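Down below is the structure, laid out as structure tokens.
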Amino acid sequence: MPTWTLNTEFKFDAAHFIDGYDGKCGRMHGHTYKVHISAKSHELNPSKYLSTPDMVCDFKELKWAASDSKKGGLDHSVLNEEIPVATTAERIAEYIHKETTKRIPGNIELKVTVWETENSWVEYTDKDV
């Protein structure tokens, strides 16, 4: 069975605090988040930018979070004001995954990796790998 895996990386800058955290992460601070998204499919699809089934999905749809917060992304935002869950790295990865899933065809398996710092990251997928 043919398989395509599309990979992309991007960064966005955002501030946050972890509500209820007993320590410095409970205070407002910022990060340059690095995100890697892997999109795997056994078939090619059309997109809103290409009507023929010749891509897994469009890179634009995977990189939505890198857009300015005034344009629907997360860049230069206060994450606590933008996402409806706790702003831990785990929940940020889960949120990006869920929002990205809404933008792409349903036959694609996603894995989202979010680096909060150069040496600390989390991977999220809703599939057992």
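We name chains A, B, ... following the order of the structure tokens; residues begin at 1 in each chain, and ligands are numbered from 1 as shown.
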Residues of range 54-81 of chain A that approach range 99-120 of chain A to 12 Å or less, counting only C-alpha atoms: could you list each one with the shortest pair of atoms and its distance in Å to one decimal, rows by chain and increasing residue number, as JSON lines?
{"residue": "A:Met55", "atom": "CA", "partner": "A:Pro105", "partner_atom": "CA", "distance": 10.6}
{"residue": "A:Val56", "atom": "CA", "partner": "A:Ile108", "partner_atom": "CA", "distance": 7.5}
{"residue": "A:Cys57", "atom": "CA", "partner": "A:Ile104", "partner_atom": "CA", "distance": 6.3}
{"residue": "A:Asp58", "atom": "CA", "partner": "A:Ile104", "partner_atom": "CA", "distance": 8.1}
{"residue": "A:Phe59", "atom": "CA", "partner": "A:Ile104", "partner_atom": "CA", "distance": 10.1}
{"residue": "A:Lys60", "atom": "CA", "partner": "A:Arg103", "partner_atom": "CA", "distance": 9.8}
{"residue": "A:Glu61", "atom": "CA", "partner": "A:Arg103", "partner_atom": "CA", "distance": 6.1}
{"residue": "A:Leu62", "atom": "CA", "partner": "A:Thr100", "partner_atom": "CA", "distance": 6.2}
{"residue": "A:Lys63", "atom": "CA", "partner": "A:Thr100", "partner_atom": "CA", "distance": 8.5}
{"residue": "A:Trp64", "atom": "CA", "partner": "A:Thr100", "partner_atom": "CA", "distance": 7.7}
{"residue": "A:Ala65", "atom": "CA", "partner": "A:Thr100", "partner_atom": "CA", "distance": 8.6}
{"residue": "A:Ala66", "atom": "CA", "partner": "A:Thr100", "partner_atom": "CA", "distance": 11.9}
{"residue": "A:Gly72", "atom": "CA", "partner": "A:Glu99", "partner_atom": "CA", "distance": 10.9}
{"residue": "A:Gly73", "atom": "CA", "partner": "A:Glu99", "partner_atom": "CA", "distance": 10.4}
{"residue": "A:Leu74", "atom": "CA", "partner": "A:Glu99", "partner_atom": "CA", "distance": 11.6}
Exercise. Would you give me, as an MDAnalysis selection string, the residues in chain A that DSSP reads as strand (DSSP E)?
Worked result: chainID A and resid 4:16 29:41 77:78 109:117 120:124
Exercise. Which residue gives the smallest distance to Ile92 in chain A among A:Tyr21, A:Trp121, A:Tyr49, A:Trp4, with only C-alpha atoms counted?
Worked result: A:Trp121
Problem set entry | Selected residue, from A:Glu123, A:Glu94, A:Glu81, A:Asp128, that lies nearest to His16 in chain A when counting only C-alpha atoms | A:Glu81
Exercise. What does the distance between CA of Ile37 in chain A and CA of Glu9 in chain A come to in Å, to one decimal place?
Worked result: 6.4 Å
For this session: Would you mind writing down, as number ranges by chain, each residue of chain A that DSSP on the backbone assigns to alpha helix (DSSP H)?
Result: A: 59-62, 79-82, 89-103
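Distance annotation: of A:Ala14, A:Asp68, A:Thr5, A:Asp19, the residue with the minimal separation from Glu43 in chain A is A:Thr5; atom set is only C-alpha atoms.
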Exercise. Do you know which residues are at most 10 Å from Val78 in chain A counting only C-alpha atoms, after dropping those on the same chain fewer than 4 positions away, and could you put them as a PyMOL selection string?
Worked result: chain A and resi 13-17+28-30+69+74+82-83+87
Exercise. Any idea what's packed within 9 Å of Pro84 in chain A, counting only C-alpha atoms, ignoring anything in its chain fewer than 4 positions away? Could you give it as a ChimeraX atom specification?
Worked result: /A:79-80,95
Restricting it to C-alpha atoms, dump the selection as a compact mmCIF listing (two decimals), in the first residue's frame.
# COMPACT_ATOMS: atom_id res chain seq x y z
CA LEU A 79 -1.92 31.46 24.79
CA ASN A 80 -4.14 31.61 27.87
CA TYR A 95 -4.76 21.72 20.72
